[in-house]
$ cat coords22.cif   # mmCIF, C-alpha atoms and all ligand atoms
data_protein
loop_
_atom_site.group_PDB
_atom_site.id
_atom_site.type_symbol
_atom_site.label_atom_id
_atom_site.label_comp_id
_atom_site.auth_asym_id
_atom_site.auth_seq_id
_atom_site.Cartn_x
_atom_site.Cartn_y
_atom_site.Cartn_z
ATOM 1 C CA MET Y 42 -0.799 15.234 -3.635
ATOM 2 C CA GLU Y 43 2.923 14.701 -3.862
ATOM 3 C CA VAL Y 44 4.386 11.359 -2.813
ATOM 4 C CA GLY Y 45 8.160 11.255 -2.755
ATOM 5 C CA GLY Y 46 8.688 14.840 -1.599
ATOM 6 C CA PRO Y 47 9.572 15.932 1.919
ATOM 7 C CA GLY Y 48 6.154 14.925 3.216
ATOM 8 C CA PHE Y 49 5.862 11.322 4.433
ATOM 9 C CA VAL Y 50 2.595 9.720 3.338
ATOM 10 C CA VAL Y 51 0.618 7.154 5.335
ATOM 11 C CA MET Y 52 -1.936 4.870 3.653
ATOM 12 C CA ALA Y 53 -4.032 2.780 6.026
ATOM 13 C CA GLY Y 54 -7.199 0.742 6.224
ATOM 14 C CA PRO Y 55 -8.380 -2.843 6.229
ATOM 15 C CA CYS Y 56 -6.848 -5.597 4.150
ATOM 16 C CA ALA Y 57 -10.253 -6.111 2.561
ATOM 17 C CA VAL Y 58 -13.462 -4.139 2.407
ATOM 18 C CA GLU Y 59 -15.946 -6.386 4.254
ATOM 19 C CA GLY Y 60 -19.023 -4.225 4.623
ATOM 20 C CA ALA Y 61 -20.285 -0.711 5.263
ATOM 21 C CA GLU Y 62 -19.917 -0.733 9.047
ATOM 22 C CA GLN Y 63 -16.435 -2.270 9.136
ATOM 23 C CA LEU Y 64 -15.168 0.157 6.522
ATOM 24 C CA GLU Y 65 -16.736 3.198 8.157
ATOM 25 C CA LEU Y 66 -15.134 2.346 11.512
ATOM 26 C CA ALA Y 67 -11.769 1.757 9.851
ATOM 27 C CA ALA Y 68 -11.944 4.913 7.734
ATOM 28 C CA ARG Y 69 -12.951 7.049 10.695
ATOM 29 C CA ALA Y 70 -10.161 5.642 12.842
ATOM 30 C CA VAL Y 71 -7.393 6.113 10.297
ATOM 31 C CA SER Y 72 -8.523 9.576 9.254
ATOM 32 C CA GLN Y 73 -8.805 10.732 12.866
ATOM 33 C CA ALA Y 74 -5.310 9.400 13.519
ATOM 34 C CA GLY Y 75 -3.969 11.423 10.583
ATOM 35 C CA ALA Y 76 -3.630 8.921 7.718
ATOM 36 C CA HIS Y 77 -3.497 10.466 4.251
ATOM 37 C CA LEU Y 78 -5.074 7.715 2.140
ATOM 38 C CA LEU Y 79 -7.571 4.941 2.787
ATOM 39 C CA ARG Y 80 -6.624 1.429 1.686
ATOM 40 C CA GLY Y 81 -8.997 -1.495 1.150
ATOM 41 C CA GLY Y 82 -8.927 -4.505 -1.145
ATOM 42 C CA VAL Y 83 -12.061 -5.374 -3.101
ATOM 43 C CA PHE Y 84 -10.378 -7.930 -5.373
ATOM 44 C CA LYS Y 85 -8.283 -10.136 -3.092
ATOM 45 C CA PRO Y 86 -5.512 -12.463 -4.291
ATOM 46 C CA ARG Y 87 -5.991 -15.325 -1.798
ATOM 47 C CA THR Y 88 -3.770 -18.358 -1.514
ATOM 48 C CA SER Y 89 -6.842 -20.605 -1.302
ATOM 49 C CA PRO Y 90 -9.678 -20.324 -3.826
ATOM 50 C CA TYR Y 91 -12.092 -21.100 -0.978
ATOM 51 C CA ALA Y 92 -11.041 -18.073 1.099
ATOM 52 C CA PHE Y 93 -12.938 -14.757 0.956
ATOM 53 C CA GLN Y 94 -12.132 -13.247 -2.428
ATOM 54 C CA GLY Y 95 -13.258 -9.687 -1.759
ATOM 55 C CA MET Y 96 -16.539 -7.847 -2.329
ATOM 56 C CA GLY Y 97 -15.772 -6.751 -5.883
ATOM 57 C CA GLU Y 98 -17.596 -3.762 -7.354
ATOM 58 C CA PRO Y 99 -20.013 -3.191 -4.427
ATOM 59 C CA GLY Y 100 -16.962 -3.042 -2.147
ATOM 60 C CA LEU Y 101 -15.345 -0.467 -4.388
ATOM 61 C CA LYS Y 102 -18.426 1.717 -4.080
ATOM 62 C CA LEU Y 103 -18.215 1.484 -0.271
ATOM 63 C CA LEU Y 104 -14.530 2.415 -0.430
ATOM 64 C CA VAL Y 105 -15.163 5.427 -2.667
ATOM 65 C CA ASP Y 106 -17.962 6.640 -0.389
ATOM 66 C CA ALA Y 107 -15.918 6.160 2.791
ATOM 67 C CA GLY Y 108 -12.972 7.990 1.245
ATOM 68 C CA ARG Y 109 -15.218 10.905 0.288
ATOM 69 C CA ARG Y 110 -16.840 11.067 3.717
ATOM 70 C CA HIS Y 111 -13.468 11.277 5.412
ATOM 71 C CA GLY Y 112 -11.649 13.337 2.794
ATOM 72 C CA LEU Y 113 -9.183 10.559 1.963
ATOM 73 C CA PRO Y 114 -8.061 9.444 -1.502
ATOM 74 C CA ILE Y 115 -8.244 5.671 -1.914
ATOM 75 C CA ILE Y 116 -5.848 2.902 -2.905
ATOM 76 C CA SER Y 117 -7.024 -0.551 -3.981
ATOM 77 C CA GLU Y 118 -5.583 -3.567 -5.755
ATOM 78 C CA VAL Y 119 -6.206 -4.402 -9.380
ATOM 79 C CA MET Y 120 -5.609 -8.098 -10.106
ATOM 80 C CA GLU Y 121 -6.556 -8.439 -13.753
ATOM 81 C CA THR Y 122 -6.495 -6.252 -16.837
ATOM 82 C CA GLU Y 123 -10.276 -6.691 -17.153
ATOM 83 C CA GLN Y 124 -10.721 -4.899 -13.815
ATOM 84 C CA LEU Y 125 -8.753 -1.859 -14.979
ATOM 85 C CA PRO Y 126 -11.532 0.293 -16.488
ATOM 86 C CA LEU Y 127 -13.566 0.051 -13.266
ATOM 87 C CA MET Y 128 -10.635 0.478 -10.902
ATOM 88 C CA ALA Y 129 -9.009 3.283 -12.879
ATOM 89 C CA GLN Y 130 -12.265 5.199 -12.821
ATOM 90 C CA HIS Y 131 -12.652 5.080 -9.042
ATOM 91 C CA ALA Y 132 -9.343 4.427 -7.266
ATOM 92 C CA ASP Y 133 -6.802 7.210 -6.792
ATOM 93 C CA ILE Y 134 -3.875 4.779 -6.635
ATOM 94 C CA LEU Y 135 -3.936 1.359 -8.289
ATOM 95 C CA GLN Y 136 -2.109 -1.298 -6.311
ATOM 96 C CA VAL Y 137 -0.343 -4.184 -8.047
ATOM 97 C CA GLY Y 138 0.014 -7.035 -5.574
ATOM 98 C CA ALA Y 139 3.160 -9.028 -4.921
ATOM 99 C CA ARG Y 140 1.727 -12.044 -6.759
ATOM 100 C CA ASN Y 141 1.213 -9.934 -9.877
ATOM 101 C CA MET Y 142 4.529 -8.101 -9.952
ATOM 102 C CA GLN Y 143 5.525 -9.852 -13.163
ATOM 103 C CA ASN Y 144 2.107 -9.929 -14.792
ATOM 104 C CA PHE Y 145 3.507 -8.115 -17.790
ATOM 105 C CA GLY Y 146 0.167 -7.763 -19.605
ATOM 106 C CA LEU Y 147 -1.274 -6.003 -16.563
ATOM 107 C CA LEU Y 148 1.853 -3.833 -16.193
ATOM 108 C CA ARG Y 149 1.701 -2.803 -19.865
ATOM 109 C CA ALA Y 150 -1.976 -1.905 -19.511
ATOM 110 C CA LEU Y 151 -1.131 0.206 -16.435
ATOM 111 C CA GLY Y 152 1.588 1.890 -18.470
ATOM 112 C CA ARG Y 153 -1.057 3.169 -20.851
ATOM 113 C CA LEU Y 154 -2.931 4.891 -18.008
ATOM 114 C CA ARG Y 155 -2.008 8.215 -16.459
ATOM 115 C CA LYS Y 156 -2.783 7.238 -12.882
ATOM 116 C CA PRO Y 157 -0.501 6.451 -9.943
ATOM 117 C CA VAL Y 158 0.414 2.779 -9.564
ATOM 118 C CA LEU Y 159 1.830 1.248 -6.375
ATOM 119 C CA LEU Y 160 3.937 -1.733 -7.409
ATOM 120 C CA LYS Y 161 4.581 -4.267 -4.688
ATOM 121 C CA ARG Y 162 7.766 -6.279 -4.726
ATOM 122 C CA GLY Y 163 7.164 -9.917 -5.649
ATOM 123 C CA LEU Y 164 7.284 -12.665 -3.023
ATOM 124 C CA SER Y 165 10.759 -13.754 -4.131
ATOM 125 C CA ALA Y 166 11.734 -10.979 -6.509
ATOM 126 C CA THR Y 167 15.193 -9.462 -6.606
ATOM 127 C CA VAL Y 168 15.398 -5.692 -6.504
ATOM 128 C CA GLN Y 169 16.423 -5.733 -10.157
ATOM 129 C CA GLU Y 170 13.330 -7.737 -11.148
ATOM 130 C CA TRP Y 171 11.183 -5.306 -9.171
ATOM 131 C CA LEU Y 172 12.713 -2.310 -10.952
ATOM 132 C CA ASN Y 173 12.298 -3.987 -14.329
ATOM 133 C CA ALA Y 174 8.629 -4.539 -13.524
ATOM 134 C CA ALA Y 175 8.361 -0.810 -12.745
ATOM 135 C CA GLU Y 176 10.063 -0.130 -16.063
ATOM 136 C CA TYR Y 177 7.186 -1.867 -17.894
ATOM 137 C CA ILE Y 178 4.795 0.755 -16.506
ATOM 138 C CA LEU Y 179 7.186 3.662 -17.065
ATOM 139 C CA ALA Y 180 7.983 2.546 -20.615
ATOM 140 C CA GLY Y 181 4.330 2.977 -21.528
ATOM 141 C CA GLY Y 182 4.532 6.620 -20.513
ATOM 142 C CA ASN Y 183 2.914 6.382 -17.083
ATOM 143 C CA GLU Y 184 5.456 8.109 -14.861
ATOM 144 C CA GLN Y 185 3.497 7.837 -11.626
ATOM 145 C CA VAL Y 186 4.966 4.680 -10.161
ATOM 146 C CA LEU Y 187 5.442 4.051 -6.449
ATOM 147 C CA LEU Y 188 7.578 1.110 -5.377
ATOM 148 C CA CYS Y 189 6.411 -0.854 -2.332
ATOM 149 C CA GLU Y 190 8.617 -3.155 -0.252
ATOM 150 C CA ARG Y 191 6.324 -5.676 1.487
ATOM 151 C CA GLY Y 192 8.811 -8.286 2.642
ATOM 152 C CA ILE Y 193 10.328 -11.175 0.761
ATOM 153 C CA ARG Y 194 10.366 -14.906 1.314
ATOM 154 C CA THR Y 195 13.549 -16.166 2.956
ATOM 155 C CA PHE Y 196 14.628 -19.110 5.135
ATOM 156 C CA GLU Y 197 13.301 -17.176 8.144
ATOM 157 C CA THR Y 198 9.915 -18.406 9.328
ATOM 158 C CA SER Y 199 9.397 -16.490 12.595
ATOM 159 C CA MET Y 200 7.751 -13.714 10.648
ATOM 160 C CA ARG Y 201 5.442 -13.892 7.644
ATOM 161 C CA ASN Y 202 8.176 -12.420 5.432
ATOM 162 C CA THR Y 203 11.543 -10.710 5.824
ATOM 163 C CA LEU Y 204 11.362 -6.919 5.591
ATOM 164 C CA ASP Y 205 14.191 -5.805 3.323
ATOM 165 C CA LEU Y 206 14.851 -2.242 4.457
ATOM 166 C CA ALA Y 207 18.230 -2.210 2.745
ATOM 167 C CA ALA Y 208 16.339 -2.617 -0.541
ATOM 168 C CA VAL Y 209 14.392 0.525 0.351
ATOM 169 C CA ALA Y 210 17.584 2.529 0.836
ATOM 170 C CA TRP Y 211 19.033 0.923 -2.307
ATOM 171 C CA ALA Y 212 16.005 1.829 -4.423
ATOM 172 C CA LYS Y 213 16.043 5.376 -3.033
ATOM 173 C CA GLU Y 214 19.707 5.689 -3.953
ATOM 174 C CA ARG Y 215 19.455 4.326 -7.487
ATOM 175 C CA THR Y 216 16.023 5.326 -8.759
ATOM 176 C CA HIS Y 217 13.941 8.495 -8.800
ATOM 177 C CA LEU Y 218 10.818 6.624 -7.672
ATOM 178 C CA PRO Y 219 9.103 7.026 -4.300
ATOM 179 C CA VAL Y 220 9.383 3.947 -2.082
ATOM 180 C CA ILE Y 221 6.606 2.886 0.285
ATOM 181 C CA VAL Y 222 6.970 0.250 3.008
ATOM 182 C CA ASP Y 223 4.218 -2.221 3.956
ATOM 183 C CA PRO Y 224 5.176 -3.474 7.435
ATOM 184 C CA SER Y 225 1.912 -5.455 7.756
ATOM 185 C CA HIS Y 226 2.594 -8.093 5.103
ATOM 186 C CA ALA Y 227 6.337 -7.831 5.731
ATOM 187 C CA THR Y 228 6.075 -9.043 9.324
ATOM 188 C CA GLY Y 229 2.581 -10.512 9.725
ATOM 189 C CA LEU Y 230 2.742 -9.474 13.386
ATOM 190 C CA PRO Y 231 0.940 -6.397 14.740
ATOM 191 C CA SER Y 232 3.539 -5.860 17.485
ATOM 192 C CA LEU Y 233 6.274 -5.416 14.854
ATOM 193 C CA ILE Y 234 4.387 -2.891 12.729
ATOM 194 C CA THR Y 235 5.293 0.100 14.905
ATOM 195 C CA PRO Y 236 9.046 -0.573 15.168
ATOM 196 C CA MET Y 237 9.329 -1.427 11.475
ATOM 197 C CA SER Y 238 7.314 1.658 10.480
ATOM 198 C CA LEU Y 239 9.657 3.868 12.489
ATOM 199 C CA ALA Y 240 12.644 2.092 10.943
ATOM 200 C CA ALA Y 241 11.178 2.624 7.464
ATOM 201 C CA ALA Y 242 10.805 6.326 8.181
ATOM 202 C CA ALA Y 243 14.390 6.451 9.423
ATOM 203 C CA CYS Y 244 15.887 4.678 6.410
ATOM 204 C CA GLY Y 245 14.408 6.996 3.801
ATOM 205 C CA ALA Y 246 11.060 5.473 2.825
ATOM 206 C CA ASP Y 247 8.527 7.954 1.458
ATOM 207 C CA GLY Y 248 5.530 6.452 3.177
ATOM 208 C CA LEU Y 249 3.747 3.465 4.673
ATOM 209 C CA LEU Y 250 0.926 1.113 3.716
ATOM 210 C CA ILE Y 251 -0.590 -0.375 6.880
ATOM 211 C CA GLU Y 252 -3.499 -2.724 7.556
ATOM 212 C CA VAL Y 253 -5.828 -1.446 10.281
ATOM 213 C CA HIS Y 254 -9.068 -3.220 11.262
ATOM 214 C CA PRO Y 255 -11.625 -2.039 13.834
ATOM 215 C CA ARG Y 256 -12.002 -5.632 15.083
ATOM 216 C CA PRO Y 257 -8.927 -7.621 14.000
ATOM 217 C CA GLU Y 258 -10.234 -10.873 15.518
ATOM 218 C CA GLN Y 259 -13.266 -10.748 13.216
ATOM 219 C CA ALA Y 260 -11.434 -9.835 9.985
ATOM 220 C CA LEU Y 261 -12.198 -11.934 6.910
ATOM 221 C CA CYS Y 262 -8.674 -11.458 5.602
ATOM 222 C CA ASP Y 263 -5.268 -10.966 7.282
ATOM 223 C CA GLY Y 264 -6.792 -10.380 10.719
ATOM 224 C CA GLN Y 265 -3.763 -11.855 12.497
ATOM 225 C CA GLN Y 266 -1.609 -8.997 11.215
ATOM 226 C CA ALA Y 267 -4.141 -6.177 11.478
ATOM 227 C CA MET Y 268 -3.232 -3.242 13.663
ATOM 228 C CA SER Y 269 -5.833 -1.950 16.109
ATOM 229 C CA PRO Y 270 -7.030 1.644 15.677
ATOM 230 C CA GLY Y 271 -5.485 2.564 19.036
ATOM 231 C CA ASP Y 272 -2.035 1.233 18.147
ATOM 232 C CA PHE Y 273 -2.249 2.957 14.767
ATOM 233 C CA ALA Y 274 -3.026 6.293 16.433
ATOM 234 C CA THR Y 275 -0.026 5.849 18.738
ATOM 235 C CA LEU Y 276 2.207 5.076 15.754
ATOM 236 C CA MET Y 277 1.041 8.245 13.998
ATOM 237 C CA GLN Y 278 2.053 10.221 17.087
ATOM 238 C CA ARG Y 279 5.511 8.665 17.153
ATOM 239 C CA LEU Y 280 6.356 9.081 13.466
ATOM 240 C CA PRO Y 281 7.065 12.855 13.507
ATOM 241 C CA GLY Y 282 9.934 12.460 15.965
ATOM 242 C CA VAL Y 283 11.739 9.934 13.787
ATOM 243 C CA LEU Y 284 10.964 11.853 10.607
ATOM 244 C CA ALA Y 285 12.385 15.048 12.091
ATOM 245 C CA ALA Y 286 15.657 13.238 12.745
ATOM 246 C CA VAL Y 287 16.027 12.602 9.005
ATOM 247 C CA ASP Y 288 14.772 16.048 7.896
ATOM 248 C CA ARG Y 289 11.315 14.847 6.902
ATOM 249 C CA HIS Y 290 7.826 15.418 8.235
ATOM 250 C CA LEU Y 291 4.362 13.924 7.911
ATOM 251 C CA TYR Y 292 2.670 15.067 4.713
ATOM 252 C CA THR Y 293 0.367 18.029 5.173
ATOM 253 C CA PRO Y 294 -2.054 18.820 2.378
ATOM 254 C CA ALA Y 295 -2.224 22.246 0.777
ATOM 255 C CA GLY Y 296 1.100 23.617 1.995
ATOM 256 C CA PRO Y 297 2.536 25.636 -0.925
ATOM 257 C CA ALA Y 298 5.674 23.513 -0.973
ATOM 258 C CA GLN Y 299 3.563 20.380 -1.199
ATOM 259 C CA ILE Y 300 1.639 21.233 -4.339
ATOM 260 C CA ALA Y 301 3.212 19.510 -7.271
ATOM 261 C CA GLY Y 302 2.219 18.808 -10.808
ATOM 262 C CA ALA Y 303 1.946 15.265 -12.096
ATOM 263 C CA ARG Y 304 4.932 13.460 -10.789
HETATM 264 C C1 LIG Y 401 -2.573 -6.597 0.353
HETATM 265 O O1 LIG Y 401 -2.072 -5.454 0.313
HETATM 266 O O2 LIG Y 401 -3.598 -6.862 1.014
HETATM 267 C C2 LIG Y 401 -1.882 -7.700 -0.335
HETATM 268 C C3 LIG Y 401 -2.539 -8.741 -0.823
HETATM 269 O O3 LIG Y 401 -0.551 -7.535 -0.360
HETATM 270 P P1 LIG Y 401 0.613 -8.380 -1.084
HETATM 271 O O4 LIG Y 401 0.305 -8.333 -2.554
HETATM 272 O O5 LIG Y 401 1.839 -7.599 -0.707
HETATM 273 O O6 LIG Y 401 0.599 -9.756 -0.516
HETATM 274 MN MN MN Y 402 -3.592 -8.103 3.273
#

$ encode --input "coords22.cif" --output "structure tokens"
Amino acid sequence: MEVGGPGFVVMAGPCAVEGAEQLELAARAVSQAGAHLLRGGVFKPRTSPYAFQGMGEPGLKLLVDAGRRHGLPIISEVMETEQLPLMAQHADILQVGARNMQNFGLLRALGRLRKPVLLKRGLSATVQEWLNAAEYILAGGNEQVLLCERGIRTFETSMRNTLDLAAVAWAKERTHLPVIVDPSHATGLPSLITPMSLAAAACGADGLLIEVHPRPEQALCDGQQAMSPGDFATLMQRLPGVLAAVDRHLYTPAGPAQIAGAR
């Protein structure tokens, strides 16, 4: 699968894997709507140590199985170097969370792998710090790095974070790396996910990472920002129009032009 080519890639699923039923409903919904990858955290970096920390290894097994059932590769966060052997064996993309963007030991260890890494921008990181973090992975010889803009902390408090779309265009202009936008953590508000996703597509992003939950009000993590399956399906129908305006299209697997070697 090529990320960063003409095909726009959508990764979607719950913030956290919570159980077999929740994940199955989420996976079915996002695959039916046309998502390309299934997301789900099993190791969760929570602000409070008393909040749900993720299901760990049993959750990873559920994620792998759900991905297989629905034909979707999976993306999941790795928080610590000790989790790498397990995560690298099972996840198709390893996510580095915003809070770990400058965990240089973890970045170096990821640089020794030959697996795609999605590197989220830190909560208050400059673009230059973000690119230097990516450089730690690249310097180890792992060339499969995806940048992810997920909003930064500013004086603005109406939204969870401030989505920096100019940084997306900037990174596209000055690096060769694909750039993904996470409008869920960037805004914290489900009603803003659709407009910001369309804006991301328009400004040159290579894909999206979106939190979708079958029952947002019951979510154990980030429920207040979770998109409903219905709204996600509507977004997927609206993306092609915006993408066409900037000479892009939704990724389609197995087209001859889409098959690429390791990127
Ligand atoms: C997440 O993707 O669920 C997550 C924890 O994101 P971030 O690291 O951007 O806060
Ligand atoms: Mn989340």

$ resolve_selection --input "coords22.cif" --expression "the PyMOL selection byres (((chain Y and resi 160) around 8) and not hetatm)" --output "ChimeraX atom specification"
/Y:136-139,142,158-159,161-162,175,186-189

$ resolve_selection --input "coords22.cif" --expression "the PyMOL selection byres (((chain Y and resi 196-207) around 7) and not hetatm)" --output "ChimeraX atom specification"
/Y:191-195,208-211,226-229,241

$ closest_atom_pairs --input "coords22.cif" --of "chain Y" --to "ligand MN 402 (chain Y)" --cutoff "9 Å" --atoms "all atoms listed in the file" --output "tab-separated table"
residue	atom	partner	partner_atom	distance
Y:Pro55	CA	Y:MN402	MN	7.7
Y:Cys56	CA	Y:MN402	MN	4.2
Y:Ala57	CA	Y:MN402	MN	7.0
Y:Gly81	CA	Y:MN402	MN	8.8
Y:Gly82	CA	Y:MN402	MN	7.8
Y:Lys85	CA	Y:MN402	MN	8.2
Y:Pro86	CA	Y:MN402	MN	8.9
Y:Ser225	CA	Y:MN402	MN	7.6
Y:His226	CA	Y:MN402	MN	6.5
Y:Glu252	CA	Y:MN402	MN	6.9
Y:Cys262	CA	Y:MN402	MN	6.5
Y:Asp263	CA	Y:MN402	MN	5.2
Y:Gly264	CA	Y:MN402	MN	8.4
Y:Gln266	CA	Y:MN402	MN	8.2
Y:Ala267	CA	Y:MN402	MN	8.4

$ write_last_selection --input "coords22.cif" --atoms "C-alpha atoms" --output "PDB file, in the frame of the given file"
ATOM      1  CA  PRO Y  55      -8.380  -2.843   6.229  1.00  0.00           C
ATOM      2  CA  CYS Y  56      -6.848  -5.597   4.150  1.00  0.00           C
ATOM      3  CA  ALA Y  57     -10.253  -6.111   2.561  1.00  0.00           C
ATOM      4  CA  GLY Y  81      -8.997  -1.495   1.150  1.00  0.00           C
ATOM      5  CA  GLY Y  82      -8.927  -4.505  -1.145  1.00  0.00           C
ATOM      6  CA  LYS Y  85      -8.283 -10.136  -3.092  1.00  0.00           C
ATOM      7  CA  PRO Y  86      -5.512 -12.463  -4.291  1.00  0.00           C
ATOM      8  CA  SER Y 225       1.912  -5.455   7.756  1.00  0.00           C
ATOM      9  CA  HIS Y 226       2.594  -8.093   5.103  1.00  0.00           C
ATOM     10  CA  GLU Y 252      -3.499  -2.724   7.556  1.00  0.00           C
ATOM     11  CA  CYS Y 262      -8.674 -11.458   5.602  1.00  0.00           C
ATOM     12  CA  ASP Y 263      -5.268 -10.966   7.282  1.00  0.00           C
ATOM     13  CA  GLY Y 264      -6.792 -10.380  10.719  1.00  0.00           C
ATOM     14  CA  GLN Y 266      -1.609  -8.997  11.215  1.00  0.00           C
ATOM     15  CA  ALA Y 267      -4.141  -6.177  11.478  1.00  0.00           C
TER      16      ALA Y 267
END

$ resolve_selection --input "coords22.cif" --expression "the PyMOL selection byres (((chain Y and resi 128) around 9) and not hetatm)" --output "list in words"
Glu98, Leu101, Ser117, Glu118, Val119, Gln124, Leu125, Pro126, Leu127, Ala129, Gln130, His131, Ala132, Asp133 and Leu135 of chain Y

$ closest_residue --input "coords22.cif" --among "Y:Gly163, Y:Gly146, Y:Gly108, Y:Gly45" --to "ligand LIG 401 (chain Y)" --atoms "all atoms listed in the file"
Y:Gly163

$ atom_distance --input "coords22.cif" --atom1 "atom CA of Glu59 of chain Y" --atom2 "atom CA of Leu239 of chain Y"
28.8 Å

$ atom_distance --input "coords22.cif" --atom1 "atom CA of Asn144 of chain Y" --atom2 "atom CA of Ser89 of chain Y"
19.4 Å

$ closest_residue --input "coords22.cif" --among "Y:Glu121, Y:Asp223, Y:Glu62, Y:Asp106" --to "Gly248 of chain Y" --atoms "all atoms listed in the file"
Y:Asp223

$ atom_distance --input "coords22.cif" --atom1 "atom CA of Gln143 of chain Y" --atom2 "atom CA of Ala260 of chain Y"
28.7 Å

$ closest_residue --input "coords22.cif" --among "Y:Arg80, Y:His290, Y:Arg149, Y:His254" --to "ligand LIG 401 (chain Y)" --atoms "all atoms listed in the file"
Y:Arg80

$ build_atoms --input "coords22.cif" --residues "segment 85-91 of chain Y" --atoms "all heavy atoms" --output "PDB file, keeping the file's coordinate frame"
ATOM      1  N   LYS Y  85      -9.338  -9.619  -3.967  1.00  0.00           N
ATOM      2  CA  LYS Y  85      -8.283 -10.136  -3.092  1.00  0.00           C
ATOM      3  C   LYS Y  85      -7.588 -11.349  -3.698  1.00  0.00           C
ATOM      4  O   LYS Y  85      -8.240 -12.334  -4.027  1.00  0.00           O
ATOM      5  CB  LYS Y  85      -8.880 -10.546  -1.736  1.00  0.00           C
ATOM      6  CG  LYS Y  85      -9.459  -9.410  -0.911  1.00  0.00           C
ATOM      7  CD  LYS Y  85      -8.463  -8.297  -0.634  1.00  0.00           C
ATOM      8  CE  LYS Y  85      -7.195  -8.773   0.034  1.00  0.00           C
ATOM      9  NZ  LYS Y  85      -6.205  -7.654   0.141  1.00  0.00           N
ATOM     10  N   PRO Y  86      -6.270 -11.296  -3.815  1.00  0.00           N
ATOM     11  CA  PRO Y  86      -5.512 -12.463  -4.291  1.00  0.00           C
ATOM     12  C   PRO Y  86      -5.265 -13.423  -3.135  1.00  0.00           C
ATOM     13  O   PRO Y  86      -4.326 -13.255  -2.378  1.00  0.00           O
ATOM     14  CB  PRO Y  86      -4.196 -11.823  -4.767  1.00  0.00           C
ATOM     15  CG  PRO Y  86      -4.024 -10.615  -3.893  1.00  0.00           C
ATOM     16  CD  PRO Y  86      -5.401 -10.169  -3.471  1.00  0.00           C
ATOM     17  N   ARG Y  87      -6.113 -14.423  -2.944  1.00  0.00           N
ATOM     18  CA  ARG Y  87      -5.991 -15.325  -1.798  1.00  0.00           C
ATOM     19  C   ARG Y  87      -5.283 -16.619  -2.183  1.00  0.00           C
ATOM     20  O   ARG Y  87      -5.473 -17.142  -3.276  1.00  0.00           O
ATOM     21  CB  ARG Y  87      -7.389 -15.647  -1.236  1.00  0.00           C
ATOM     22  CG  ARG Y  87      -8.196 -14.429  -0.805  1.00  0.00           C
ATOM     23  CD  ARG Y  87      -7.474 -13.533   0.200  1.00  0.00           C
ATOM     24  NE  ARG Y  87      -7.139 -14.188   1.444  1.00  0.00           N
ATOM     25  CZ  ARG Y  87      -7.979 -14.344   2.460  1.00  0.00           C
ATOM     26  NH1 ARG Y  87      -9.206 -13.866   2.391  1.00  0.00           N
ATOM     27  NH2 ARG Y  87      -7.578 -14.958   3.555  1.00  0.00           N
ATOM     28  N   THR Y  88      -4.512 -17.129  -1.267  1.00  0.00           N
ATOM     29  CA  THR Y  88      -3.770 -18.358  -1.514  1.00  0.00           C
ATOM     30  C   THR Y  88      -4.728 -19.518  -1.795  1.00  0.00           C
ATOM     31  O   THR Y  88      -4.468 -20.364  -2.645  1.00  0.00           O
ATOM     32  CB  THR Y  88      -2.869 -18.670  -0.301  1.00  0.00           C
ATOM     33  OG1 THR Y  88      -2.001 -17.546  -0.126  1.00  0.00           O
ATOM     34  CG2 THR Y  88      -2.049 -19.919  -0.517  1.00  0.00           C
ATOM     35  N   SER Y  89      -5.851 -19.552  -1.065  1.00  0.00           N
ATOM     36  CA  SER Y  89      -6.842 -20.605  -1.302  1.00  0.00           C
ATOM     37  C   SER Y  89      -8.037 -20.045  -2.077  1.00  0.00           C
ATOM     38  O   SER Y  89      -8.547 -18.978  -1.748  1.00  0.00           O
ATOM     39  CB  SER Y  89      -7.340 -21.159   0.041  1.00  0.00           C
ATOM     40  OG  SER Y  89      -8.560 -21.863  -0.160  1.00  0.00           O
ATOM     41  N   PRO Y  90      -8.509 -20.798  -3.070  1.00  0.00           N
ATOM     42  CA  PRO Y  90      -9.678 -20.324  -3.826  1.00  0.00           C
ATOM     43  C   PRO Y  90     -10.958 -20.352  -2.996  1.00  0.00           C
ATOM     44  O   PRO Y  90     -11.973 -19.793  -3.399  1.00  0.00           O
ATOM     45  CB  PRO Y  90      -9.759 -21.303  -5.001  1.00  0.00           C
ATOM     46  CG  PRO Y  90      -9.091 -22.538  -4.506  1.00  0.00           C
ATOM     47  CD  PRO Y  90      -8.011 -22.082  -3.560  1.00  0.00           C
ATOM     48  N   TYR Y  91     -10.892 -21.010  -1.826  1.00  0.00           N
ATOM     49  CA  TYR Y  91     -12.092 -21.100  -0.978  1.00  0.00           C
ATOM     50  C   TYR Y  91     -12.141 -19.987   0.058  1.00  0.00           C
ATOM     51  O   TYR Y  91     -13.105 -19.854   0.792  1.00  0.00           O
ATOM     52  CB  TYR Y  91     -12.152 -22.476  -0.295  1.00  0.00           C
ATOM     53  CG  TYR Y  91     -12.007 -23.591  -1.302  1.00  0.00           C
ATOM     54  CD1 TYR Y  91     -10.891 -24.425  -1.297  1.00  0.00           C
ATOM     55  CD2 TYR Y  91     -12.965 -23.768  -2.305  1.00  0.00           C
ATOM     56  CE1 TYR Y  91     -10.738 -25.415  -2.255  1.00  0.00           C
ATOM     57  CE2 TYR Y  91     -12.808 -24.762  -3.267  1.00  0.00           C
ATOM     58  CZ  TYR Y  91     -11.704 -25.573  -3.228  1.00  0.00           C
ATOM     59  OH  TYR Y  91     -11.546 -26.537  -4.182  1.00  0.00           O
TER      60      TYR Y  91
END
